[in-house]
Amino acid sequence: MAYGPKLVLDGLTLEIPRGQVVALLGPNGAGKTTTVEILEGIRRPSGGRVQVLGSDPIRAGEAWKARVGIVLQSWRDHARWRVHELLEVIADYYVPFATPEVVRPWPTDELLERVGLADSRDQRIDRLSGGQRRRLDVAVGLVGRPELLFLDEPTTGLDPKGRRDIHDLLGDVADLETTILMTTHDLDEAEKVADRILVLASGRIIADGTPDELRLGFSRSNEVRVRDRATGRVMVHSTPDPTAWLTEQLTLRPGEVEVLEVRPASLEEAYLSVVRRAEAGEDLSEIATIQEVAS
Amino acid sequence: MNARKAVLRAAWGQAKVTVLRKYLSPTGISLLVFPVVVLAVLWFVRDSVIDGAVGVSAWVFSGMLAFSLIAGAAIGVSAEIQQEREDGTLMRAKAVPNGVTGHLLAKLVVAVVDTAIPVVPMVVGAAIILPDLLPSDPTRWLLFVLVYALATAAMLPWGAVMGSLFRSAIGLGVASLGLYALAIIAGLFYPLTMLPAALQVVGQFTPHYWIGLGIRTVLLDDAAMGLEVGGSWRTPQMVLVLVAWAAVGLLLAPVLLRRMARRTSGSAVAEARERVLSRGY
């Protein structure tokens, strides 16, 4: 994907099996929104092949759209409408896409109950709190009972309680066997919600794996703290191979040092350092392949 | 249910909620105040006459009707389309199956209501306090409805064209001011023949002039024909010109609206939000 001469996505290869909850993680400007909009069929890629639910999104028809849910961030649209009115009007568009297996649309009151907005049914949309409003956005994304749900930064601008609510709601949605692809720039959030995290930086996927695999793959360095018994000085040393370093220290100075702590770098530090390295143009292919190594 | 019927049903539901929510709000209700003010002014000048032939109030009344139609159809609709692109309404429509089609159909219904809303209180008010302003025989009423429909068809698509062409509210605002300015040289509020010859020519290139002429044809006595260019109502030309504006507009509008819908993306909405939060417009 390129904007004029500027390449924003390059060599992005990605396959998501049904039912997985995937977080696309990356710093601002990494190409997350562009990636999602290409998958949603809202943006035309400048090259490459895209298949979502068996079709090319940009050419896919209305029936395809009925199987995909998009959670937009509401802002000031439909300000004067009541909550249930927006859901009912949008629900009507899904009526002809009901199948014997999937009842479409989701009945409004049932859906409002599910996203925790039953009490706000008759509220004006512009009088909802930030968290309630985002739940309405999720409800709008779910009203057609999608097989695949896209969310672009669903918790940006929410307070901690609002974030927690959305995370719980996403857990609920995942239980409906809905495949979820969300973007976030918050590692914590990705770790909490997703089965699988993709790290996008400078238009490339630089890491792909479960939260645990990423922790392993990222942690190139471990922090070792030792104390000199004689002087009491504490020494901190970073090393990819703490065992080797400690063996060396302990053999060279037997009885002189005391080991205080060996700990892996935190996931957050590791993530930030990987992103920095990717943005500096370093080759990170060994990190990108960790999933194959691990599985 | 078949797909086409479902879209029509959904669009109808959307139009109903839109109209309800728009006109039950304070801004919506304030639209009804304008006709009351106009009628009050007209009542005070009810005895003044231009050239011994036409009542000033009758002339201004027809000009006001034409102007509110132009404002409602072209300016109102274009501002709404421009805003919906930035506030995410259009993106919502894009995310839903048949959503863009339904949204535009609903918009059409709402726009027709929008152009009628300022006219109804004006006509009803006039019937109560200045009944002489209104046509007396049924044929003229029929013609009034026809002229009105023709004028709406001529202006609405151009509102859609403007709304899809201008990306920023500022550009659109300037263009809208242009439309207001044209009303001044199009002879809506006083006879075009009072203007210098050069401006008369310019005036006749605007759709405003022909819409005004059509409404005067219906509302004024034939004695007022003397004030018109060529001393005639020129009804065939009026119909032709308005049909031409409608035809070109109806060809352009769907193409431009589709192009606009295709180009809208979430990042455009996000950019607009950033801009409004930082700059305030």
# chains A, B, ... in the order shown; residues from 1 in each chain; ligands from 1
$ interface_residues --of "chain A" --to "chain B" --cutoff "6 Å" --atoms "only C-alpha atoms" --output "PyMOL selection string"
chain A and resi 62+65-66+76-77+89+92-93+96
$ write_last_selection --atoms "N, CA and C atoms" --output "compact mmCIF listing (two decimals), in the first residue's frame"
# COMPACT_ATOMS: atom_id res chain seq x y z
N GLU A 62 -22.79 -6.81 -1.31
CA GLU A 62 -23.49 -6.42 -0.09
C GLU A 62 -23.65 -7.60 0.87
N LYS A 65 -20.72 -7.77 3.00
CA LYS A 65 -20.76 -6.73 4.03
C LYS A 65 -21.62 -7.14 5.20
N ALA A 66 -22.67 -7.93 4.91
CA ALA A 66 -23.56 -8.34 5.98
C ALA A 66 -22.87 -9.30 6.95
N ARG A 76 -19.82 12.80 16.49
CA ARG A 76 -20.99 13.64 16.68
C ARG A 76 -22.07 13.28 15.68
N ASP A 77 -21.97 12.08 15.09
CA ASP A 77 -23.01 11.68 14.16
C ASP A 77 -24.28 11.29 14.91
N VAL A 89 -32.74 1.42 12.88
CA VAL A 89 -32.60 1.82 11.48
C VAL A 89 -31.51 0.98 10.80
N ASP A 92 -32.50 -2.72 10.10
CA ASP A 92 -33.37 -2.97 8.94
C ASP A 92 -32.60 -3.36 7.69
N TYR A 93 -31.38 -2.82 7.56
CA TYR A 93 -30.60 -3.12 6.35
C TYR A 93 -30.15 -4.58 6.31
N PRO A 96 -32.71 -8.67 4.85
CA PRO A 96 -32.68 -9.63 3.74
C PRO A 96 -31.49 -10.59 3.79
$ atom_distance --atom1 "CA of Ala73 (chain B)" --atom2 "CA of Leu156 (chain B)"
4.8 Å
$ residues_around --residues "Arg164 (chain A)" --least-positions-apart "3" --cutoff "12 Å" --atoms "only C-alpha atoms" --output "VMD selection string"
chain A and resid 131 134 to 135 154 to 155 158 to 161 167 to 171 188 to 189 192 to 193
$ residues_around --residues "region 26-39 of chain A" --least-positions-apart "3" --cutoff "8 Å" --atoms "only C-alpha atoms" --output "PDB file with C-alpha atoms, in the first residue's frame"
ATOM      1  CA  VAL A   8       3.075   2.762   4.200  1.00  0.00           C
ATOM      2  CA  LEU A   9       2.545  -0.988   4.070  1.00  0.00           C
ATOM      3  CA  ILE A  42     -13.034   0.790   2.578  1.00  0.00           C
ATOM      4  CA  ARG A  43      -9.649   1.448   1.029  1.00  0.00           C
ATOM      5  CA  ARG A  44      -8.180   0.091  -2.181  1.00  0.00           C
ATOM      6  CA  PRO A  45      -4.667  -1.339  -1.794  1.00  0.00           C
ATOM      7  CA  VAL A  50      -6.417  -9.574  -0.093  1.00  0.00           C
ATOM      8  CA  GLN A  51      -9.016 -12.172   0.803  1.00  0.00           C
ATOM      9  CA  VAL A  52     -11.454 -11.784   3.635  1.00  0.00           C
ATOM     10  CA  PRO A  57     -13.073  -6.858   0.123  1.00  0.00           C
ATOM     11  CA  ILE A  58     -13.033  -3.989  -2.374  1.00  0.00           C
ATOM     12  CA  PHE A 150     -13.175  -5.075  13.045  1.00  0.00           C
ATOM     13  CA  ASP A 152     -10.081   0.387  15.219  1.00  0.00           C
ATOM     14  CA  THR A 183      -6.019  -2.274  16.435  1.00  0.00           C
ATOM     15  CA  THR A 184      -4.450  -0.719  19.480  1.00  0.00           C
ATOM     16  CA  HIS A 185      -1.309   1.111  20.447  1.00  0.00           C
ATOM     17  CA  ASP A 186      -1.593  -0.236  23.944  1.00  0.00           C
ATOM     18  CA  VAL A 199       3.215  -5.950  15.922  1.00  0.00           C
ATOM     19  CA  LEU A 200       3.207  -3.520  13.044  1.00  0.00           C
ATOM     20  CA  ALA A 201       5.950  -0.944  12.707  1.00  0.00           C
ATOM     21  CA  SER A 202       7.040   1.070   9.685  1.00  0.00           C
ATOM     22  CA  GLY A 203       4.501  -0.751   7.506  1.00  0.00           C
ATOM     23  CA  VAL A 275       9.606  -0.883  17.593  1.00  0.00           C
TER      24      VAL A 275
ATOM     25  CA  SER B 265     -12.493   6.627   5.055  1.00  0.00           C
ATOM     26  CA  GLY B 266     -12.185   6.382   8.792  1.00  0.00           C
ATOM     27  CA  SER B 267      -8.987   8.377   8.725  1.00  0.00           C
TER      28      SER B 267
END
$ select_by_dssp --residues "region 10-202 of chain A" --states "strand (DSSP E)" --output "PyMOL selection string"
chain A and resi 21-25+68-71+148-152+179-184+196-201
$ residues_around --residues "Val243 (chain B)" --least-positions-apart "2" --cutoff "9 Å" --atoms "only C-alpha atoms" --output "list in words"
Leu150, Ala151, Ala153, Ala154, Met238, Val239, Leu240, Val241, Trp245, Ala246, Ala247 and Val248 of chain B
$ closest_residue --among "B:Trp233, B:Tyr180, B:Tyr281, B:Tyr148" --to "Phe67 (chain B)" --atoms "only C-alpha atoms"
B:Tyr180
$ residues_around --residues "Val236 (chain A)" --least-positions-apart "4" --cutoff "7 Å" --atoms "only C-alpha atoms" --output "list in words"
Glu223, Val224, Arg225 and Val226 of chain A
$ residues_around --residues "region 42-45 of chain B" --least-positions-apart "3" --cutoff "12 Å" --atoms "only C-alpha atoms" --output "ChimeraX atom specification"
/B:35-39,48-50,55-64,122,125-126,128-133
$ select_by_dssp --residues "region 130-268 of chain A" --states "helix (DSSP H, G or I)" --output "VMD selection string"
chain A and resid 130 to 142 160 to 175 187 to 193 211 to 218 242 to 252 267 to 268
$ write_last_selection --atoms "C-alpha atoms" --output "PDB file, in the first residue's frame"
ATOM      1  CA  GLY A 130     -17.721   8.111  26.408  1.00  0.00           C
ATOM      2  CA  GLY A 131     -17.867   4.485  27.495  1.00  0.00           C
ATOM      3  CA  GLN A 132     -21.583   4.139  26.755  1.00  0.00           C
ATOM      4  CA  ARG A 133     -21.077   5.679  23.360  1.00  0.00           C
ATOM      5  CA  ARG A 134     -18.327   3.209  22.506  1.00  0.00           C
ATOM      6  CA  ARG A 135     -20.610   0.374  23.593  1.00  0.00           C
ATOM      7  CA  LEU A 136     -23.207   1.700  21.205  1.00  0.00           C
ATOM      8  CA  ASP A 137     -20.543   1.637  18.480  1.00  0.00           C
ATOM      9  CA  VAL A 138     -19.838  -2.002  19.290  1.00  0.00           C
ATOM     10  CA  ALA A 139     -23.573  -2.729  19.238  1.00  0.00           C
ATOM     11  CA  VAL A 140     -23.835  -1.148  15.786  1.00  0.00           C
ATOM     12  CA  GLY A 141     -20.953  -3.359  14.652  1.00  0.00           C
ATOM     13  CA  LEU A 142     -22.723  -6.432  16.027  1.00  0.00           C
ATOM     14  CA  PRO A 160     -10.028   3.016  32.975  1.00  0.00           C
ATOM     15  CA  LYS A 161     -13.561   1.874  33.761  1.00  0.00           C
ATOM     16  CA  GLY A 162     -14.688   2.467  30.194  1.00  0.00           C
ATOM     17  CA  ARG A 163     -11.691   0.475  28.952  1.00  0.00           C
ATOM     18  CA  ARG A 164     -12.425  -2.379  31.302  1.00  0.00           C
ATOM     19  CA  ASP A 165     -16.059  -2.457  30.118  1.00  0.00           C
ATOM     20  CA  ILE A 166     -15.007  -2.667  26.488  1.00  0.00           C
ATOM     21  CA  HIS A 167     -12.486  -5.423  27.260  1.00  0.00           C
ATOM     22  CA  ASP A 168     -15.192  -7.440  29.022  1.00  0.00           C
ATOM     23  CA  LEU A 169     -17.554  -6.850  26.138  1.00  0.00           C
ATOM     24  CA  LEU A 170     -14.952  -8.061  23.655  1.00  0.00           C
ATOM     25  CA  GLY A 171     -14.470 -11.194  25.722  1.00  0.00           C
ATOM     26  CA  ASP A 172     -18.213 -11.757  25.471  1.00  0.00           C
ATOM     27  CA  VAL A 173     -18.188 -11.240  21.721  1.00  0.00           C
ATOM     28  CA  ALA A 174     -15.303 -13.671  21.304  1.00  0.00           C
ATOM     29  CA  ASP A 175     -17.463 -16.275  23.051  1.00  0.00           C
ATOM     30  CA  LEU A 187       0.416  -3.375  24.645  1.00  0.00           C
ATOM     31  CA  ASP A 188      -1.429  -3.980  27.882  1.00  0.00           C
ATOM     32  CA  GLU A 189      -4.718  -4.048  26.078  1.00  0.00           C
ATOM     33  CA  ALA A 190      -3.444  -6.372  23.354  1.00  0.00           C
ATOM     34  CA  GLU A 191      -2.149  -8.759  26.011  1.00  0.00           C
ATOM     35  CA  LYS A 192      -5.433  -8.726  27.897  1.00  0.00           C
ATOM     36  CA  VAL A 193      -7.825  -9.194  25.009  1.00  0.00           C
ATOM     37  CA  PRO A 211       1.443 -12.845  24.182  1.00  0.00           C
ATOM     38  CA  ASP A 212       3.736 -15.471  25.764  1.00  0.00           C
ATOM     39  CA  GLU A 213       5.598 -16.144  22.552  1.00  0.00           C
ATOM     40  CA  LEU A 214       6.157 -12.439  22.081  1.00  0.00           C
ATOM     41  CA  ARG A 215       7.542 -12.148  25.568  1.00  0.00           C
ATOM     42  CA  LEU A 216      10.083 -14.838  24.746  1.00  0.00           C
ATOM     43  CA  GLY A 217      10.896 -13.459  21.346  1.00  0.00           C
ATOM     44  CA  PHE A 218      11.219  -9.882  22.467  1.00  0.00           C
ATOM     45  CA  PRO A 242      22.429 -14.663  31.820  1.00  0.00           C
ATOM     46  CA  THR A 243      23.581 -18.230  32.569  1.00  0.00           C
ATOM     47  CA  ALA A 244      26.862 -17.822  30.722  1.00  0.00           C
ATOM     48  CA  TRP A 245      27.551 -14.445  32.226  1.00  0.00           C
ATOM     49  CA  LEU A 246      26.790 -15.589  35.744  1.00  0.00           C
ATOM     50  CA  THR A 247      28.919 -18.745  35.380  1.00  0.00           C
ATOM     51  CA  GLU A 248      31.793 -16.569  34.310  1.00  0.00           C
ATOM     52  CA  GLN A 249      31.360 -14.092  37.149  1.00  0.00           C
ATOM     53  CA  LEU A 250      30.981 -16.753  39.776  1.00  0.00           C
ATOM     54  CA  THR A 251      34.043 -18.733  38.613  1.00  0.00           C
ATOM     55  CA  LEU A 252      36.252 -15.658  38.244  1.00  0.00           C
ATOM     56  CA  LEU A 267       7.231  -7.015  27.765  1.00  0.00           C
ATOM     57  CA  GLU A 268       6.639  -3.316  27.434  1.00  0.00           C
TER      58      GLU A 268
END
$ closest_residue --among "B:Leu65, B:Val77, B:Leu195, B:Leu134" --to "Ala116 (chain B)" --atoms "only C-alpha atoms"
B:Leu65
$ atom_distance --atom1 "CA of Thr156 (chain A)" --atom2 "CA of Val21 (chain A)"
18.6 Å
$ atom_distance --atom1 "CA of Thr239 (chain A)" --atom2 "CA of Glu256 (chain A)"
20.4 Å
$ closest_residue --among "B:Val218, B:Ile75, B:Leu69, B:Ala181" --to "Asp137 (chain B)" --atoms "only C-alpha atoms"
B:Val218
$ closest_residue --among "A:Asp126, A:Glu282, A:Glu88, A:Asp56" --to "Val143 (chain A)" --atoms "only C-alpha atoms"
A:Glu88
